>>> print(open('structure_2.txt').read())   # compact mmCIF, C-alpha atoms
# COMPACT_ATOMS: atom_id res chain seq x y z
CA MET A 9 14.55 -17.64 -3.63
CA ALA A 10 17.94 -18.75 -2.45
CA GLY A 11 20.66 -16.51 -1.11
CA ALA A 12 21.01 -14.61 2.11
CA ARG A 13 21.33 -10.89 1.94
CA ILE A 14 22.23 -8.19 4.40
CA SER A 15 19.44 -5.70 4.30
CA PRO A 16 20.01 -2.25 5.82
CA PHE A 17 16.37 -1.47 5.09
CA TRP A 18 15.28 -3.99 7.64
CA LEU A 19 17.82 -2.82 10.13
CA ARG A 20 16.33 0.64 9.91
CA LEU A 21 12.80 -0.55 10.53
CA GLY A 22 13.08 -0.05 14.27
CA ARG A 23 13.38 3.69 13.79
CA ALA A 24 10.99 4.35 10.93
CA PRO A 25 7.33 3.51 10.63
CA VAL A 26 6.87 1.00 7.86
CA LEU A 27 3.96 -1.17 6.93
CA GLY A 28 4.16 -4.11 4.63
CA VAL A 29 3.25 -7.66 3.93
CA LEU A 30 6.18 -9.66 2.72
CA PRO A 31 6.44 -13.33 2.01
CA VAL A 32 9.74 -14.53 3.38
CA HIS A 33 11.58 -17.77 2.95
CA LEU A 34 12.67 -19.37 6.16
CA ARG A 35 16.07 -20.92 6.01
CA ALA A 36 16.52 -21.38 9.71
CA SER A 37 17.73 -24.95 9.74
CA PRO A 38 17.75 -28.04 7.53
CA SER A 39 14.98 -29.55 9.63
CA LEU A 40 12.70 -26.63 8.81
CA GLY A 41 13.49 -26.77 5.14
CA PHE A 42 12.29 -23.89 3.02
CA ALA A 43 8.89 -22.52 3.85
CA LYS A 44 7.11 -19.54 2.48
CA THR A 45 5.10 -17.42 4.83
CA THR A 46 3.84 -13.93 5.25
CA ILE A 47 4.91 -11.46 7.83
CA SER A 48 2.91 -8.44 8.75
CA PHE A 49 4.50 -5.63 10.60
CA ALA A 50 3.60 -2.24 11.88
CA GLN A 51 5.81 0.21 13.67
CA SER A 52 8.46 -1.74 15.49
CA ARG A 53 6.75 -4.98 16.45
CA VAL A 54 6.87 -7.98 14.18
CA ALA A 55 5.31 -11.37 14.41
CA PHE A 56 5.07 -14.19 11.98
CA ALA A 57 4.37 -17.88 11.81
CA ALA A 58 5.53 -20.31 9.19
CA LEU A 59 4.89 -23.89 8.35
CA GLY A 60 8.27 -25.56 8.17
CA GLY A 61 9.34 -28.89 6.76
CA GLY A 62 7.37 -31.82 8.15
CA GLY A 63 4.45 -29.60 9.10
CA HIS A 64 6.23 -28.05 12.05
CA LEU A 65 4.82 -24.63 12.90
CA TRP A 66 7.58 -22.12 13.46
CA GLN A 67 6.54 -18.96 15.24
CA TRP A 68 8.49 -15.88 16.06
CA ARG A 69 7.78 -12.53 17.60
CA GLY A 70 10.16 -9.70 18.21
CA THR A 71 11.26 -6.23 17.31
CA CYS A 72 12.18 -5.05 13.85
CA HIS A 73 15.75 -4.69 15.01
CA GLU A 74 15.78 -8.34 15.96
CA LEU A 75 14.24 -9.25 12.63
CA GLY A 76 16.99 -7.24 10.96
CA LEU A 77 19.55 -9.36 12.77
CA LEU A 78 17.85 -12.56 11.57
CA LEU A 79 18.07 -11.26 8.01
CA ARG A 80 21.62 -10.09 8.45
CA PHE A 81 22.79 -13.49 9.56
CA GLY A 82 20.91 -15.26 6.81
CA VAL A 83 18.23 -16.89 8.95
CA LEU A 84 15.61 -15.21 6.78
CA SER A 85 15.66 -13.81 3.28
CA MET A 86 13.18 -11.41 1.75
CA SER A 87 11.52 -11.77 -1.61
CA ASP A 88 8.39 -10.59 -3.40
CA GLY A 89 6.51 -7.95 -1.51
CA PHE A 90 4.90 -4.55 -1.28
CA LEU A 91 6.01 -1.89 1.15
CA LEU A 92 4.55 1.33 2.38
CA THR A 93 7.05 3.55 4.12
CA GLU A 94 7.86 7.08 5.24
CA ASP A 95 11.50 6.36 4.49
CA ARG A 96 13.29 7.44 1.34
CA LEU A 97 12.84 4.76 -1.31
CA GLU A 98 16.26 5.68 -2.70
CA ASP A 99 17.74 4.03 0.39
CA LEU A 100 16.19 0.62 -0.25
CA PRO A 101 18.69 -2.09 -1.05
CA GLY A 102 18.37 -3.53 -4.55
CA LEU A 103 16.10 -6.41 -5.38
CA VAL A 104 17.64 -9.83 -4.89
CA VAL A 105 17.94 -11.16 -8.44
CA PRO A 106 18.07 -14.92 -9.00
CA ALA A 107 20.58 -16.47 -11.40
CA SER A 108 17.73 -17.45 -13.74
CA SER A 109 16.84 -13.80 -14.46
CA GLY A 110 18.17 -12.29 -17.66
CA ALA A 111 16.34 -9.00 -17.20
CA VAL A 112 15.74 -6.53 -14.41
CA VAL A 113 13.30 -3.69 -15.10
CA VAL A 114 12.95 -0.87 -12.58
CA PHE A 115 10.46 1.97 -12.65
CA TRP A 116 10.93 5.05 -10.47
CA GLY A 117 7.99 7.39 -10.02
CA ARG A 118 9.29 10.81 -8.97
CA VAL A 119 7.79 14.03 -7.67
CA ARG A 120 7.53 16.46 -10.59
CA ASP A 121 7.78 20.24 -10.29
CA HIS A 122 4.59 20.87 -12.23
CA ASN A 123 1.17 19.37 -12.87
CA GLU A 124 -1.56 20.49 -15.24
CA GLY A 125 0.03 23.89 -15.78
CA ARG A 126 0.77 24.70 -12.16
CA ALA A 127 4.13 24.91 -10.40
CA VAL A 128 4.34 22.25 -7.68
CA THR A 129 6.64 22.70 -4.69
CA GLY A 130 6.02 19.40 -2.93
CA LEU A 131 3.64 16.50 -2.39
CA GLU A 132 1.98 14.86 0.54
CA TYR A 133 0.94 11.23 0.20
CA SER A 134 -1.57 9.72 2.55
CA ALA A 135 -2.62 6.06 2.61
CA TYR A 136 -5.13 3.73 4.17
CA PRO A 137 -2.29 1.51 5.34
CA GLU A 138 -4.16 -1.62 6.42
CA LEU A 139 -5.78 -2.00 3.01
CA ALA A 140 -2.98 -0.47 0.92
CA VAL A 141 -0.47 -3.14 1.90
CA LYS A 142 -3.01 -5.90 1.29
CA GLU A 143 -3.95 -4.61 -2.15
CA GLY A 144 -0.32 -3.92 -3.05
CA GLN A 145 0.64 -7.42 -2.05
CA ARG A 146 -2.20 -8.84 -4.15
CA ILE A 147 -0.93 -6.90 -7.18
CA VAL A 148 2.59 -8.23 -6.69
CA ALA A 149 1.33 -11.81 -6.30
CA GLU A 150 -0.88 -11.47 -9.40
CA ALA A 151 2.06 -10.13 -11.41
CA VAL A 152 4.24 -13.10 -10.47
CA THR A 153 1.57 -15.50 -11.74
CA ARG A 154 0.46 -13.49 -14.77
CA PHE A 155 3.94 -12.78 -16.15
CA GLY A 156 5.91 -15.70 -14.72
CA LEU A 157 8.35 -13.45 -12.89
CA ASP A 158 11.36 -14.51 -10.85
CA ALA A 159 11.11 -11.70 -8.30
CA VAL A 160 9.14 -8.50 -7.75
CA ARG A 161 9.19 -5.72 -5.27
CA ALA A 162 7.11 -2.57 -5.18
CA ALA A 163 7.27 0.19 -2.61
CA HIS A 164 5.34 3.42 -2.13
CA ARG A 165 6.34 6.30 0.04
CA VAL A 166 3.91 8.24 2.24
CA GLY A 167 4.26 11.54 4.08
CA ASN A 168 5.81 14.74 2.78
CA LEU A 169 7.97 14.49 -0.33
CA ALA A 170 10.16 17.09 -2.03
CA ILE A 171 10.59 17.68 -5.75
CA GLY A 172 12.72 14.90 -7.23
CA ASP A 173 12.00 12.42 -4.42
CA ALA A 174 10.96 8.93 -5.44
CA ALA A 175 7.29 8.32 -4.64
CA VAL A 176 7.09 4.78 -5.94
CA VAL A 177 9.48 2.11 -7.16
CA VAL A 178 8.69 -1.13 -8.98
CA GLU A 179 11.43 -3.69 -9.51
CA VAL A 180 10.91 -6.79 -11.60
CA ALA A 181 13.30 -9.66 -12.37
CA SER A 182 12.41 -12.05 -15.18
CA GLY A 183 13.92 -14.50 -17.62
CA HIS A 184 13.66 -12.12 -20.58
CA ARG A 185 13.07 -8.39 -21.11
CA GLY A 186 9.63 -8.69 -22.72
CA GLU A 187 7.74 -9.96 -19.70
CA GLY A 188 9.84 -7.69 -17.48
CA PHE A 189 8.77 -4.49 -19.28
CA ASP A 190 5.16 -5.68 -19.54
CA ALA A 191 5.00 -6.63 -15.85
CA CYS A 192 6.58 -3.41 -14.64
CA ARG A 193 4.08 -1.33 -16.64
CA TRP A 194 1.18 -3.48 -15.47
CA ILE A 195 2.19 -3.26 -11.81
CA ILE A 196 2.54 0.54 -11.72
CA ASP A 197 -0.78 0.94 -13.56
CA GLU A 198 -2.51 -1.38 -11.09
CA ILE A 199 -0.96 0.42 -8.11
CA LYS A 200 -2.22 3.76 -9.39
CA ASP A 201 -5.65 2.30 -10.05
CA ARG A 202 -6.23 0.10 -7.01
CA VAL A 203 -4.08 0.92 -3.98
CA PRO A 204 -5.73 3.36 -1.53
CA ILE A 205 -3.12 6.11 -1.58
CA TRP A 206 -3.86 9.81 -2.14
CA LYS A 207 -1.72 12.67 -3.32
CA CYS A 208 -2.03 16.27 -2.18
CA GLU A 209 -0.13 18.79 -4.28
CA HIS A 210 1.38 21.92 -2.75
CA TYR A 211 1.63 24.78 -5.21
CA LEU A 212 4.02 27.69 -5.60
CA GLU A 213 1.20 30.12 -4.78
CA GLY A 214 0.80 28.51 -1.36
CA ASP A 215 -2.45 26.61 -1.85
CA ARG A 216 -2.87 22.84 -2.02
CA ALA A 217 -5.26 20.32 -3.56
CA TRP A 218 -5.98 16.61 -3.48
CA VAL A 219 -5.39 15.16 -6.92
CA MET A 220 -8.27 13.29 -8.50
CA CYS A 221 -7.49 10.44 -10.83
CA HIS A 222 -9.08 10.62 -14.25
CA HIS A 223 -10.49 7.15 -14.41
CA GLU A 224 -13.87 5.69 -13.71
CA PRO A 225 -13.99 3.59 -10.55
CA THR A 226 -15.27 0.06 -10.75
CA THR A 227 -16.19 -0.99 -7.23
CA LYS A 228 -19.76 0.18 -7.38
CA ASP A 229 -20.31 -1.62 -10.67
CA LYS A 230 -19.01 -4.95 -9.38
CA MET B 7 -26.01 -0.17 15.73
CA THR B 8 -22.73 1.62 16.27
CA VAL B 9 -20.03 1.77 13.62
CA THR B 10 -16.84 3.75 13.16
CA ILE B 11 -16.38 5.66 9.91
CA ARG B 12 -13.02 6.80 8.60
CA TYR B 13 -12.47 9.36 5.84
CA TYR B 14 -9.42 9.95 3.68
CA ALA B 15 -7.99 12.79 1.59
CA ARG B 16 -10.67 15.11 0.16
CA LEU B 17 -13.45 13.44 2.19
CA LYS B 18 -11.44 13.95 5.36
CA GLU B 19 -11.03 17.65 4.55
CA GLU B 20 -14.69 18.10 3.69
CA ALA B 21 -15.80 16.32 6.87
CA GLY B 22 -13.26 18.18 8.98
CA ILE B 23 -12.58 14.94 10.85
CA ALA B 24 -10.62 11.79 10.10
CA GLN B 25 -12.89 9.41 11.94
CA GLU B 26 -16.17 9.29 13.81
CA THR B 27 -18.15 6.71 15.72
CA VAL B 28 -21.86 6.95 14.98
CA ASP B 29 -25.06 5.35 16.16
CA THR B 30 -26.86 4.61 12.91
CA GLN B 31 -30.19 3.37 11.60
CA ALA B 32 -28.43 2.28 8.38
CA ARG B 33 -28.11 -1.41 7.68
CA THR B 34 -26.03 -1.21 4.52
CA VAL B 35 -22.87 0.65 3.51
CA ASP B 36 -24.93 2.58 0.95
CA ALA B 37 -27.36 3.85 3.60
CA LEU B 38 -24.48 4.78 5.90
CA TRP B 39 -22.98 6.88 3.08
CA ILE B 40 -26.25 8.70 2.54
CA GLU B 41 -26.34 9.57 6.25
CA ALA B 42 -22.73 10.76 6.09
CA VAL B 43 -23.51 13.00 3.12
CA ALA B 44 -26.40 14.53 5.08
CA ARG B 45 -24.06 15.23 8.02
CA HIS B 46 -21.03 16.53 6.16
CA GLY B 47 -22.31 17.71 2.77
CA PHE B 48 -19.78 15.78 0.70
CA THR B 49 -19.50 17.08 -2.84
CA LEU B 50 -18.15 13.96 -4.55
CA GLU B 51 -20.63 11.74 -6.34
CA ALA B 52 -21.17 8.32 -4.78
CA ARG B 53 -20.09 6.60 -8.00
CA LEU B 54 -16.59 8.03 -7.43
CA ILE B 55 -16.35 6.69 -3.90
CA LYS B 56 -15.10 3.26 -2.87
CA ALA B 57 -16.00 1.69 0.43
CA ALA B 58 -14.23 -0.76 2.69
CA GLN B 59 -15.40 -2.63 5.72
CA ALA B 60 -13.14 -4.52 8.13
CA ASP B 61 -10.13 -3.51 6.00
CA GLU B 62 -11.40 -5.06 2.74
CA PHE B 63 -13.11 -3.43 -0.23
CA CYS B 64 -16.86 -3.98 -0.08
CA SER B 65 -19.90 -3.36 -2.26
CA TRP B 66 -22.40 -0.61 -1.53
CA GLU B 67 -25.02 -3.24 -0.81
CA ALA B 68 -22.87 -4.91 1.86
CA PRO B 69 -24.68 -5.27 5.21
CA LEU B 70 -23.08 -3.27 8.01
CA ILE B 71 -21.27 -5.28 10.64
CA PRO B 72 -22.00 -3.93 14.14
CA GLY B 73 -18.91 -2.25 15.56
CA ALA B 74 -17.02 -2.47 12.28
CA LEU B 75 -14.73 0.12 10.79
CA VAL B 76 -16.20 1.47 7.55
CA VAL B 77 -13.90 3.50 5.31
CA PHE B 78 -15.04 5.82 2.52
CA MET B 79 -12.37 6.55 -0.09
CA PRO B 80 -12.25 9.18 -2.81
CA PRO B 81 -10.59 8.21 -6.12
CA VAL B 82 -7.06 7.01 -5.41
CA ALA B 83 -4.05 8.87 -6.74
CA GLY B 84 -0.93 6.95 -5.81
CA GLY B 85 2.21 6.70 -7.90
>>> encode(input="structure_2.txt", output="structure tokens")
Amino acid sequence: MAGARISPFWLRLGRAPVLGVLPVHLRASPSLGFAKTTISFAQSRVAFAALGGGGHLWQWRGTCHELGLLLRFGVLSMSDGFLLTEDRLEDLPGLVVPASSGAVVVFWGRVRDHNEGRAVTGLEYSAYPELAVKEGQRIVAEAVTRFGLDAVRAAHRVGNLAIGDAAVVVEVASGHRGEGFDACRWIIDEIKDRVPIWKCEHYLEGDRAWVMCHHEPTTKDK
Amino acid sequence: MTVTIRYYARLKEEAGIAQETVDTQARTVDALWIEAVARHGFTLEARLIKAAQADEFCSWEAPLIPGALVVFMPPVAGG
């Protein structure tokens, strides 16, 4: 995807724990050309390697703050990816939408004040981060292929959330609205079904409970 | 062999620990789960549990890798 973008999200990474796997497009210099790679990051250290134009291996290691500067000055741009973060999802910058996209569909999953007849005062999300970001990234990559999307980003929040907070966001850019709606629905359903994230509800009466999904698991049958 | 087991959500609460390193006679993920149930008295049925080894989903029949991290997961509830 072309187009540099200043991303305050990245600039904040140095202060907030975030896990994610994001393909990025290197646009460092004409000699490197455009290369797609994957960065993995945890806490404040980042490392990635990319195969540039002519087979040149481009490697970089640094802090998230430094990565933020690379993004800010257009050395890198961010595209399709899945994020797991303790930060407010409402503060994420918008998806970078290519000129070819006629539709952008966004789904926000929010913390509701009730569930199954009980008053809920807040939620706690916990994740198996190493696998959650891998599985989330696989879902995003599958969606791009399956629906022919221009760009996708999904993010899930972990930690303690208040009523009304966004727990998950899925953003999809596509040529037309049909595949956009279909893809957005498919992605959120897959996230709920496959990504190892758990929700603990805190109730008005002071007790709490881990929510159990009402679907049959498939791993043991595979 | 020795493996490290990690529990999440309801399993973590039932076990009272997030992680443990055990010396086990088990050779498969399935057998390791049965040992864990005997230790912690988990109430969830095995068919509801998913397992991962070395940070990837694995089958119950998967052979244990010495020293690996094995994770038992109750039904997920993200979103």
>>> residues_around(input="structure_2.txt", residues="Ala74 (chain B)", least_positions_apart="5", cutoff="10 Å", atoms="all atoms listed in the file", output="ChimeraX atom specification")
/B:7-11,27,59-61
>>> residues_around(input="structure_2.txt", residues="region 117-133 of chain A", least_positions_apart="5", cutoff="9 Å", atoms="only C-alpha atoms", output="list in words")
Arg165, Val166, Gly167, Asn168, Leu169, Ala170, Ile171, Gly172, Asp173, Ala174, Ala175, Val176, Val177, Val178, Ile196, Ile205, Trp206, Lys207, Cys208, Glu209, His210, Tyr211, Leu212, Glu213 and Gly214 of chain A; Ala83, Gly84 and Gly85 of chain B
>>> interface_residues(input="structure_2.txt", of="chain A", to="chain B", cutoff="8 Å", atoms="all atoms listed in the file", output="ChimeraX atom specification")
/A:117,133-136,138-139,164,175-176,196,199-208,218-221,224-225,227-228,230
>>> atom_distance(input="structure_2.txt", atom1="CA of Ile71 (chain B)", atom2="CA of Ala24 (chain B)")
20.1 Å
>>> closest_residue(input="structure_2.txt", among="A:Ile195, A:Gly188, A:Asp95, A:Ser109", to="Val148 (chain A)", atoms="all atoms listed in the file")
A:Ile195
>>> atom_distance(input="structure_2.txt", atom1="CA of Asp190 (chain A)", atom2="CA of Ala107 (chain A)")
20.5 Å
>>> atom_distance(input="structure_2.txt", atom1="CA of Ile147 (chain A)", atom2="CA of Arg96 (chain A)")
21.9 Å
>>> closest_residue(input="structure_2.txt", among="B:Leu50, B:Leu70, B:Arg45, B:Lys18", to="Ala32 (chain B)", atoms="all atoms listed in the file")
B:Leu70
>>> residues_around(input="structure_2.txt", residues="Asp158 (chain A)", least_positions_apart="6", cutoff="12 Å", atoms="only C-alpha atoms", output="PyMOL selection string")
chain A and resi 9-10+87-88+103-113+148-149+151-152+179-184+187-188+191
>>> closest_residue(input="structure_2.txt", among="B:Thr49, B:Ile23, B:Pro72, B:Phe78", to="Asp36 (chain B)", atoms="only C-alpha atoms")
B:Phe78
>>> closest_residue(input="structure_2.txt", among="B:Pro69, B:Val76, B:Phe48, B:Gly22", to="Thr34 (chain B)", atoms="only C-alpha atoms")
B:Pro69
>>> closest_residue(input="structure_2.txt", among="A:Trp194, A:Arg154, A:Phe189, A:Ala162", to="Phe90 (chain A)", atoms="only C-alpha atoms")
A:Ala162
>>> axis_aligned_box(input="structure_2.txt", around="region 22-41 of chain B", padding_each_side="4 Å", output="JSON")
{"center_x": -20.4, "center_y": 8.4, "center_z": 8.6, "size_x": 27.6, "size_y": 27.6, "size_z": 23.2}
